[in-house]
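Peer 1: Following this line is run31.cif, made up of mmCIF, N, CA and C atoms and all ligand atoms:
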```
data_my_file
loop_
_atom_site.label_atom_id
_atom_site.label_comp_id
_atom_site.auth_asym_id
_atom_site.auth_seq_id
_atom_site.Cartn_x
_atom_site.Cartn_y
_atom_site.Cartn_z
N MET A 541 145.93 70.37 101.23
CA MET A 541 145.44 69.00 101.18
C MET A 541 144.93 68.64 99.77
N TYR A 542 144.19 69.57 99.14
CA TYR A 542 143.70 69.32 97.79
C TYR A 542 144.47 70.16 96.77
N SER A 543 144.65 69.59 95.58
CA SER A 543 145.34 70.34 94.52
C SER A 543 144.44 71.47 94.03
N GLU A 544 145.08 72.41 93.32
CA GLU A 544 144.29 73.53 92.76
C GLU A 544 143.24 73.03 91.79
N LYS A 545 143.60 72.00 91.04
CA LYS A 545 142.64 71.47 90.05
C LYS A 545 141.43 70.85 90.74
N VAL A 546 141.68 70.14 91.84
CA VAL A 546 140.55 69.56 92.59
C VAL A 546 139.65 70.68 93.09
N MET A 547 140.25 71.70 93.66
CA MET A 547 139.45 72.82 94.19
C MET A 547 138.66 73.50 93.08
N ASP A 548 139.30 73.65 91.91
CA ASP A 548 138.62 74.29 90.78
C ASP A 548 137.40 73.47 90.36
N HIS A 549 137.59 72.15 90.21
CA HIS A 549 136.46 71.31 89.77
C HIS A 549 135.40 71.17 90.86
N PHE A 550 135.82 71.31 92.11
CA PHE A 550 134.83 71.26 93.20
C PHE A 550 134.02 72.56 93.21
N ASN A 551 134.70 73.67 93.06
CA ASN A 551 134.00 74.97 93.11
C ASN A 551 133.22 75.26 91.84
N ASN A 552 133.73 74.79 90.70
CA ASN A 552 133.05 75.03 89.41
C ASN A 552 132.90 73.71 88.66
N PRO A 553 132.08 72.81 89.18
CA PRO A 553 131.99 71.51 88.50
C PRO A 553 131.44 71.65 87.09
N ARG A 554 132.07 70.89 86.15
CA ARG A 554 131.63 70.92 84.75
C ARG A 554 130.56 69.84 84.55
N ASN A 555 129.66 70.13 83.62
CA ASN A 555 128.68 69.13 83.17
C ASN A 555 127.75 68.61 84.26
N VAL A 556 127.35 69.50 85.15
CA VAL A 556 126.38 69.10 86.17
C VAL A 556 124.98 69.19 85.57
N GLY A 557 124.15 68.23 85.87
CA GLY A 557 122.76 68.29 85.42
C GLY A 557 122.27 66.95 84.94
N GLU A 558 121.24 67.00 84.10
CA GLU A 558 120.64 65.78 83.57
C GLU A 558 120.52 65.93 82.07
N LEU A 559 120.31 64.82 81.38
CA LEU A 559 120.04 64.87 79.94
C LEU A 559 118.64 64.30 79.69
N ASP A 560 117.90 64.94 78.78
CA ASP A 560 116.63 64.38 78.34
C ASP A 560 116.94 63.26 77.36
N ASN A 561 116.23 62.19 77.44
CA ASN A 561 116.43 61.04 76.53
C ASN A 561 117.88 60.63 76.40
N PRO A 562 118.55 60.32 77.49
CA PRO A 562 119.96 59.91 77.38
C PRO A 562 120.08 58.54 76.71
N SER A 563 121.24 58.30 76.10
CA SER A 563 121.51 56.98 75.51
C SER A 563 121.74 55.95 76.61
N GLY A 564 122.27 56.42 77.72
CA GLY A 564 122.51 55.53 78.84
C GLY A 564 122.56 56.32 80.14
N VAL A 565 122.04 55.71 81.20
CA VAL A 565 122.09 56.33 82.54
C VAL A 565 122.64 55.31 83.51
N GLY A 566 123.50 55.75 84.39
CA GLY A 566 124.01 54.83 85.40
C GLY A 566 124.00 55.48 86.76
N THR A 567 123.58 54.72 87.75
CA THR A 567 123.58 55.23 89.13
C THR A 567 124.34 54.25 90.00
N VAL A 568 125.29 54.76 90.73
CA VAL A 568 126.01 53.91 91.68
C VAL A 568 126.13 54.63 93.01
N GLY A 569 126.32 53.86 94.04
CA GLY A 569 126.48 54.45 95.37
C GLY A 569 127.58 53.75 96.12
N ASN A 570 127.90 54.32 97.24
CA ASN A 570 128.86 53.68 98.14
C ASN A 570 128.16 53.58 99.49
N ALA A 571 127.80 52.36 99.86
CA ALA A 571 127.02 52.18 101.08
C ALA A 571 127.79 52.62 102.31
N LYS A 572 129.12 52.62 102.23
CA LYS A 572 129.91 52.98 103.42
C LYS A 572 129.78 54.45 103.76
N CYS A 573 129.86 55.30 102.73
CA CYS A 573 129.77 56.74 103.04
C CYS A 573 128.39 57.30 102.69
N GLY A 574 127.59 56.52 101.96
CA GLY A 574 126.23 56.95 101.63
C GLY A 574 126.15 57.86 100.42
N ASP A 575 127.27 58.03 99.71
CA ASP A 575 127.27 58.93 98.56
C ASP A 575 126.73 58.24 97.31
N ILE A 576 126.08 59.04 96.47
CA ILE A 576 125.42 58.49 95.28
C ILE A 576 125.80 59.34 94.07
N MET A 577 125.97 58.69 92.93
CA MET A 577 126.32 59.39 91.70
C MET A 577 125.46 58.89 90.56
N ARG A 578 124.95 59.81 89.75
CA ARG A 578 124.21 59.42 88.55
C ARG A 578 124.85 60.08 87.34
N MET A 579 125.08 59.29 86.31
CA MET A 579 125.75 59.77 85.10
C MET A 579 124.83 59.56 83.90
N TYR A 580 124.73 60.58 83.05
CA TYR A 580 123.92 60.52 81.83
C TYR A 580 124.83 60.64 80.62
N LEU A 581 124.65 59.78 79.63
CA LEU A 581 125.46 59.85 78.42
C LEU A 581 124.56 60.01 77.19
N ASP A 582 124.99 60.87 76.28
CA ASP A 582 124.35 60.98 74.98
C ASP A 582 125.37 60.49 73.95
N ILE A 583 125.06 59.37 73.31
CA ILE A 583 126.02 58.71 72.42
C ILE A 583 125.45 58.70 71.00
N ASP A 584 126.24 59.15 70.04
CA ASP A 584 125.72 59.23 68.66
C ASP A 584 125.79 57.86 67.97
N GLU A 585 125.35 57.83 66.70
CA GLU A 585 125.26 56.54 65.99
C GLU A 585 126.63 55.93 65.70
N LYS A 586 127.68 56.75 65.81
CA LYS A 586 129.04 56.20 65.60
C LYS A 586 129.68 55.72 66.91
N GLY A 587 128.92 55.82 68.00
CA GLY A 587 129.46 55.38 69.28
C GLY A 587 130.34 56.42 69.94
N VAL A 588 130.14 57.69 69.58
CA VAL A 588 130.92 58.78 70.19
C VAL A 588 130.06 59.48 71.24
N ILE A 589 130.66 59.75 72.39
CA ILE A 589 129.93 60.41 73.48
C ILE A 589 129.81 61.90 73.16
N ARG A 590 128.59 62.28 72.79
CA ARG A 590 128.34 63.65 72.36
C ARG A 590 128.18 64.58 73.55
N ASP A 591 127.54 64.06 74.56
CA ASP A 591 127.30 64.90 75.74
C ASP A 591 127.26 64.02 76.98
N VAL A 592 127.56 64.61 78.10
CA VAL A 592 127.57 63.87 79.36
C VAL A 592 127.22 64.83 80.49
N LYS A 593 126.41 64.36 81.40
CA LYS A 593 126.06 65.18 82.58
C LYS A 593 126.08 64.28 83.81
N PHE A 594 126.30 64.90 84.95
CA PHE A 594 126.23 64.09 86.17
C PHE A 594 125.53 64.85 87.28
N LYS A 595 125.01 64.05 88.19
CA LYS A 595 124.42 64.60 89.41
C LYS A 595 124.94 63.77 90.55
N THR A 596 125.25 64.42 91.63
CA THR A 596 125.75 63.63 92.75
C THR A 596 125.21 64.11 94.08
N PHE A 597 125.06 63.15 94.96
CA PHE A 597 124.81 63.45 96.34
C PHE A 597 126.06 62.89 97.01
N GLY A 598 127.13 63.67 96.90
CA GLY A 598 128.40 63.10 97.33
C GLY A 598 129.35 64.15 97.86
N CYS A 599 130.50 63.69 98.30
CA CYS A 599 131.48 64.57 98.92
C CYS A 599 132.20 65.41 97.86
N GLY A 600 133.02 66.32 98.30
CA GLY A 600 133.73 67.22 97.40
C GLY A 600 134.63 66.49 96.42
N ALA A 601 135.31 65.45 96.91
CA ALA A 601 136.20 64.69 96.01
C ALA A 601 135.39 63.96 94.95
N ALA A 602 134.20 63.51 95.32
CA ALA A 602 133.34 62.84 94.33
C ALA A 602 132.88 63.84 93.27
N VAL A 603 132.58 65.06 93.70
CA VAL A 603 132.16 66.11 92.76
C VAL A 603 133.32 66.42 91.80
N ALA A 604 134.51 66.64 92.36
CA ALA A 604 135.66 67.02 91.53
C ALA A 604 136.04 65.90 90.57
N THR A 605 136.05 64.66 91.04
CA THR A 605 136.45 63.56 90.15
C THR A 605 135.40 63.32 89.07
N SER A 606 134.14 63.48 89.42
CA SER A 606 133.10 63.28 88.40
C SER A 606 133.17 64.36 87.36
N SER A 607 133.39 65.59 87.82
CA SER A 607 133.50 66.71 86.90
C SER A 607 134.64 66.46 85.91
N MET A 608 135.80 66.07 86.43
CA MET A 608 136.95 65.80 85.55
C MET A 608 136.66 64.60 84.65
N ALA A 609 136.02 63.57 85.20
CA ALA A 609 135.72 62.37 84.39
C ALA A 609 134.81 62.72 83.22
N THR A 610 133.84 63.60 83.44
CA THR A 610 132.94 63.97 82.34
C THR A 610 133.72 64.71 81.26
N GLU A 611 134.67 65.55 81.68
CA GLU A 611 135.48 66.26 80.69
C GLU A 611 136.32 65.28 79.87
N LEU A 612 136.82 64.25 80.55
CA LEU A 612 137.72 63.30 79.88
C LEU A 612 136.97 62.38 78.92
N VAL A 613 135.70 62.07 79.19
CA VAL A 613 134.99 61.13 78.29
C VAL A 613 134.26 61.85 77.16
N LYS A 614 134.02 63.13 77.32
CA LYS A 614 133.27 63.87 76.30
C LYS A 614 134.04 63.89 74.98
N GLY A 615 133.35 63.49 73.91
CA GLY A 615 133.99 63.48 72.59
C GLY A 615 134.73 62.19 72.29
N LYS A 616 134.80 61.30 73.29
CA LYS A 616 135.51 60.03 73.09
C LYS A 616 134.54 58.95 72.61
N THR A 617 135.10 57.90 72.02
CA THR A 617 134.26 56.75 71.68
C THR A 617 133.99 55.98 72.97
N VAL A 618 133.01 55.08 72.86
CA VAL A 618 132.67 54.24 74.01
C VAL A 618 133.90 53.45 74.48
N GLU A 619 134.65 52.92 73.51
CA GLU A 619 135.84 52.12 73.88
C GLU A 619 136.90 53.00 74.56
N GLU A 620 137.08 54.20 74.03
CA GLU A 620 138.07 55.10 74.64
C GLU A 620 137.63 55.51 76.04
N ALA A 621 136.32 55.67 76.23
CA ALA A 621 135.81 56.08 77.54
C ALA A 621 136.12 55.04 78.61
N LEU A 622 136.23 53.79 78.18
CA LEU A 622 136.55 52.73 79.15
C LEU A 622 137.96 52.86 79.69
N THR A 623 138.80 53.57 78.97
CA THR A 623 140.18 53.73 79.44
C THR A 623 140.29 54.88 80.46
N VAL A 624 139.20 55.60 80.65
CA VAL A 624 139.21 56.68 81.65
C VAL A 624 138.94 56.06 83.02
N THR A 625 140.02 55.58 83.62
CA THR A 625 139.89 54.93 84.93
C THR A 625 139.94 55.98 86.04
N ASN A 626 139.64 55.54 87.23
CA ASN A 626 139.72 56.49 88.34
C ASN A 626 141.15 56.98 88.53
N LYS A 627 142.12 56.14 88.17
CA LYS A 627 143.52 56.58 88.30
C LYS A 627 143.83 57.68 87.28
N ALA A 628 143.29 57.52 86.06
CA ALA A 628 143.50 58.55 85.03
C ALA A 628 142.87 59.86 85.48
N VAL A 629 141.70 59.77 86.09
CA VAL A 629 141.00 60.97 86.56
C VAL A 629 141.81 61.64 87.67
N MET A 630 142.33 60.82 88.58
CA MET A 630 143.12 61.39 89.68
C MET A 630 144.39 62.06 89.17
N GLU A 631 145.01 61.43 88.17
CA GLU A 631 146.22 62.04 87.60
C GLU A 631 145.89 63.39 86.96
N ALA A 632 144.75 63.42 86.27
CA ALA A 632 144.35 64.68 85.61
C ALA A 632 144.06 65.77 86.64
N LEU A 633 143.76 65.36 87.85
CA LEU A 633 143.47 66.32 88.93
C LEU A 633 144.69 66.59 89.80
N ASP A 634 145.85 66.09 89.40
CA ASP A 634 147.07 66.21 90.19
C ASP A 634 146.96 65.53 91.55
N GLY A 635 146.20 64.44 91.59
CA GLY A 635 146.17 63.61 92.80
C GLY A 635 145.06 63.93 93.77
N LEU A 636 144.83 62.97 94.65
CA LEU A 636 143.84 63.12 95.73
C LEU A 636 144.47 62.60 97.01
N PRO A 637 144.07 63.13 98.15
CA PRO A 637 144.58 62.55 99.40
C PRO A 637 144.18 61.07 99.49
N PRO A 638 145.03 60.22 100.06
CA PRO A 638 144.75 58.78 100.08
C PRO A 638 143.37 58.42 100.60
N VAL A 639 142.88 59.10 101.62
CA VAL A 639 141.56 58.73 102.17
C VAL A 639 140.43 59.06 101.21
N LYS A 640 140.73 59.82 100.18
CA LYS A 640 139.68 60.22 99.23
C LYS A 640 139.76 59.47 97.90
N VAL A 641 140.72 58.56 97.81
CA VAL A 641 140.88 57.84 96.54
C VAL A 641 139.62 57.07 96.17
N HIS A 642 138.98 56.49 97.18
CA HIS A 642 137.79 55.67 96.87
C HIS A 642 136.68 56.50 96.22
N CYS A 643 136.65 57.79 96.50
CA CYS A 643 135.60 58.66 95.95
C CYS A 643 135.67 58.69 94.43
N SER A 644 136.89 58.57 93.90
CA SER A 644 137.06 58.64 92.45
C SER A 644 136.48 57.40 91.76
N LEU A 645 136.32 56.33 92.51
CA LEU A 645 135.73 55.11 91.94
C LEU A 645 134.26 55.32 91.59
N LEU A 646 133.63 56.21 92.32
CA LEU A 646 132.21 56.47 92.09
C LEU A 646 132.00 56.99 90.65
N ALA A 647 132.88 57.89 90.22
CA ALA A 647 132.76 58.45 88.87
C ALA A 647 133.01 57.38 87.82
N GLU A 648 134.08 56.61 88.03
CA GLU A 648 134.42 55.56 87.05
C GLU A 648 133.27 54.56 86.93
N GLU A 649 132.76 54.14 88.06
CA GLU A 649 131.70 53.13 88.02
C GLU A 649 130.39 53.68 87.48
N ALA A 650 130.12 54.95 87.73
CA ALA A 650 128.88 55.54 87.19
C ALA A 650 128.96 55.61 85.67
N ILE A 651 130.14 55.93 85.13
CA ILE A 651 130.30 55.94 83.67
C ILE A 651 130.12 54.51 83.13
N HIS A 652 130.72 53.54 83.81
CA HIS A 652 130.57 52.15 83.36
C HIS A 652 129.10 51.73 83.40
N ALA A 653 128.40 52.13 84.45
CA ALA A 653 126.99 51.76 84.58
C ALA A 653 126.16 52.40 83.45
N ALA A 654 126.48 53.64 83.09
CA ALA A 654 125.76 54.31 82.01
C ALA A 654 126.08 53.65 80.66
N LEU A 655 127.33 53.24 80.48
CA LEU A 655 127.71 52.54 79.25
C LEU A 655 127.01 51.18 79.18
N TRP A 656 126.91 50.55 80.31
CA TRP A 656 126.23 49.24 80.36
C TRP A 656 124.76 49.40 79.96
N ASP A 657 124.14 50.43 80.49
CA ASP A 657 122.73 50.72 80.17
C ASP A 657 122.58 50.97 78.66
N TYR A 658 123.49 51.74 78.10
CA TYR A 658 123.49 52.02 76.65
C TYR A 658 123.64 50.71 75.86
N ALA A 659 124.57 49.86 76.29
CA ALA A 659 124.81 48.59 75.59
C ALA A 659 123.57 47.70 75.66
N GLN A 660 122.95 47.65 76.84
CA GLN A 660 121.75 46.82 77.01
C GLN A 660 120.63 47.30 76.10
N LYS A 661 120.45 48.62 76.05
CA LYS A 661 119.35 49.18 75.26
C LYS A 661 119.56 48.95 73.77
N ASN A 662 120.82 48.85 73.35
CA ASN A 662 121.12 48.73 71.93
C ASN A 662 121.63 47.35 71.54
N ASN A 663 121.50 46.41 72.48
CA ASN A 663 121.95 45.04 72.19
C ASN A 663 123.40 44.97 71.74
N LEU A 664 124.25 45.71 72.43
CA LEU A 664 125.67 45.75 72.06
C LEU A 664 126.50 45.06 73.13
N VAL A 665 127.64 44.57 72.70
CA VAL A 665 128.61 44.07 73.68
C VAL A 665 129.81 45.01 73.60
N ILE A 666 130.13 45.64 74.71
CA ILE A 666 131.29 46.53 74.73
C ILE A 666 132.42 45.76 75.38
N GLU A 667 133.44 45.51 74.58
CA GLU A 667 134.54 44.68 75.08
C GLU A 667 135.21 45.31 76.30
N GLY A 668 135.39 44.51 77.32
CA GLY A 668 136.07 44.99 78.52
C GLY A 668 135.14 45.60 79.55
N LEU A 669 133.86 45.74 79.20
CA LEU A 669 132.91 46.34 80.14
C LEU A 669 132.22 45.25 80.95
N LYS A 670 132.35 45.37 82.26
CA LYS A 670 131.72 44.37 83.13
C LYS A 670 130.40 44.90 83.65
N GLU A 671 129.53 43.99 84.02
CA GLU A 671 128.24 44.40 84.58
C GLU A 671 128.52 45.24 85.84
N PRO A 672 127.92 46.43 85.93
CA PRO A 672 128.25 47.30 87.06
C PRO A 672 127.64 46.82 88.38
N VAL A 673 128.25 47.26 89.46
CA VAL A 673 127.68 46.98 90.77
C VAL A 673 126.96 48.25 91.23
N GLU A 674 125.94 48.06 92.06
CA GLU A 674 125.23 49.25 92.54
C GLU A 674 125.96 49.90 93.69
N ASP A 675 126.66 49.06 94.45
CA ASP A 675 127.36 49.59 95.63
C ASP A 675 128.86 49.37 95.44
N ILE A 676 129.58 50.46 95.21
CA ILE A 676 131.00 50.29 94.91
C ILE A 676 131.83 49.90 96.13
N SER A 677 131.25 49.99 97.31
CA SER A 677 132.05 49.59 98.48
C SER A 677 132.32 48.08 98.42
N GLU A 678 131.55 47.35 97.59
CA GLU A 678 131.80 45.91 97.42
C GLU A 678 133.09 45.66 96.67
N ILE A 679 133.45 46.57 95.76
CA ILE A 679 134.65 46.32 94.96
C ILE A 679 135.86 47.10 95.43
N GLU A 680 135.64 48.17 96.21
CA GLU A 680 136.79 49.02 96.49
C GLU A 680 137.84 48.32 97.34
N GLU A 681 137.43 47.31 98.12
CA GLU A 681 138.42 46.61 98.92
C GLU A 681 139.38 45.79 98.06
N GLU A 682 138.90 45.39 96.88
CA GLU A 682 139.76 44.60 96.01
C GLU A 682 140.73 45.48 95.24
N GLU A 683 140.46 46.76 95.20
CA GLU A 683 141.31 47.66 94.42
C GLU A 683 142.64 47.88 95.12
N GLU A 684 143.64 48.05 94.31
CA GLU A 684 144.95 48.31 94.87
C GLU A 684 145.27 49.79 94.65
N TYR A 685 145.55 50.49 95.70
CA TYR A 685 145.79 51.91 95.51
C TYR A 685 147.28 52.21 95.50
FE1 LIG B 1 131.87 59.04 99.77
FE2 LIG B 1 133.73 60.65 98.93
S1 LIG B 1 133.27 60.16 100.99
S2 LIG B 1 132.40 59.46 97.77
#
```
Please express what this file holds, its structure, as structure tokens.
Ligand code: FES
Peer 2:
Amino acid sequence: MYSEKVMDHFNNPRNVGELDNPSGVGTVGNAKCGDIMRMYLDIDEKGVIRDVKFKTFGCGAAVATSSMATELVKGKTVEEALTVTNKAVMEALDGLPPVKVHCSLLAEEAIHAALWDYAQKNNLVIEGLKEPVEDISEIEEEEEY
């Protein structure tokens, strides 16, 4: 049912934890399943993501997608990080079962929420970044899988 990569990131999630004095923090949840994700970003003065950590109270697919998402955004600029969509994360994991696709949105939205927090704190406008929602179940119905 799950790819080897999903199982690997579920069993050995990368970048789990918290950051002291993060540049941005984002927390999102999905009211339908009750899962919650928090993402911490450390962004340097050039706008490069130096470090990233996540914590989740979520299902295995949420753990695996968040783990992969943190790997994909680390070392990237803020603008490049915006291109790390849930679809890109799923591709990097060799796919997810259809019923678990929504879980990958939690990681994408938590990164967006942390970037939004960073932008707010620094009075920046990040092109293409929308104000995050706290409950992703509000947007997942609009998504096309
Ligand atoms: Fe809720 Fe996976 S079931 S995030």
Peer 1: Figure out the distance between atom CA of A:Ser543 and atom CA of A:Gly635, please, to one decimal in Å.
Peer 2: 7.0 Å
Peer 1: Any idea what's packed within 7 Å of A:Asp591, counting all atoms listed in the file, ignoring anything in its chain fewer than 5 positions away? Could you give it as JSON, numbers by chain?
Peer 2: {"A": [580, 581, 582, 583, 584, 614, 615]}
Peer 1: Point out the residue among A:Leu645, A:Ala654, A:Val624, A:Ala602 with the least atom-to-atom distance to A:Ile676, counting only N, CA and C atoms.
Peer 2: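 Closest residue, counting only N, CA and C atoms: A:Leu645.
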Peer 1: Rank nothing, just name the residue among A:Ala653, A:Asn552, A:Glu678, A:Gly587 nearest to A:Glu619, using all atoms listed in the file.
Peer 2: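 Comparing A:Ala653, A:Asn552, A:Glu678, A:Gly587 against A:Glu619, the winner is A:Gly587.
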Peer 1: Counting only C-alpha atoms, which residues sit no farther than 10 Å from the position (129.3, 72.4, 94.5) in the file's frame? I'd like them as a ChimeraX atom specification.
Peer 2: /A:549-553,556,596,598-600,603-604
Peer 1: Which residue gives the smallest distance to ligand LIG 1 (chain B) among A:Val568, A:Met579, A:Leu646, A:Ile666, with only C-alpha atoms and all ligand atoms counted?
Peer 2: A:Leu646
Peer 1: One decimal, Å: what's the distance from atom N of A:Ser563 over to atom N of A:Met547, could you say?
Peer 2: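 Answer for the atom N of A:Ser563 to atom N of A:Met547 separation: 29.1 Å.
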Peer 1: Check which residues fall inside 8 Å of ligand LIG 1 (chain B) when counting only N, CA and C atoms and all ligand atoms, and print them as a list of chain:residue names.
Peer 2: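 I would give the residues around ligand LIG 1 (chain B) as A:Gly569, A:Asn570, A:Ala571, A:Lys572, A:Cys573, A:Gly574, A:Asp575, A:Ile576, A:Phe597, A:Gly598, A:Cys599, A:Gly600, A:Ala601, A:Ala602, A:Val603, A:Val639, A:Lys640, A:Val641, A:His642, A:Cys643, A:Ser644, A:Leu645, A:Leu646, A:Ala647.
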Peer 1: What is the distance, in Å and to one decimal place, between atom N of A:Met577 and atom N of A:Glu544?
Peer 2: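 These two atoms are separated by 23.5 Å.
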Peer 1: List the neighbours of A:Lys670 out to 8 Å using all atoms listed in the file; skip same-chain residues closer than 2 positions along the sequence, and give me the result as JSON, numbers by chain.
Peer 2: {"A": [652, 653, 656, 666, 667, 668, 672, 673]}
Peer 1: Could you pull out the residues in chain A that DSSP calls strand (DSSP E) from the backbone, as a PyMOL selection string?
Peer 2: chain A and resi 564-570+575-583+589-597
Peer 1: Determine the nearest neighbour of A:Val592 from the options A:Leu559, A:Val618, A:Ala632, A:Met608, counting all atoms listed in the file.
Peer 2: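 Among A:Leu559, A:Val618, A:Ala632, A:Met608, it is A:Leu559 that comes nearest to A:Val592.
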Peer 1: Go through A:Glu620, A:Tyr542, A:Arg578, A:Ser607 one by one, measure the shortest atom-to-atom distance of each to A:Arg554 using all atoms listed in the file, and give the residue with the smallest value.
Peer 2: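 Answer, going by the shortest atom-to-atom distance: A:Ser607.
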Peer 1: When you count only C-alpha atoms, which of these residues is closest to A:Asp548: A:Asn561, A:Thr623, A:Gln660, A:Thr605?
Peer 2: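 The answer is A:Thr605, which sits nearest to A:Asp548.
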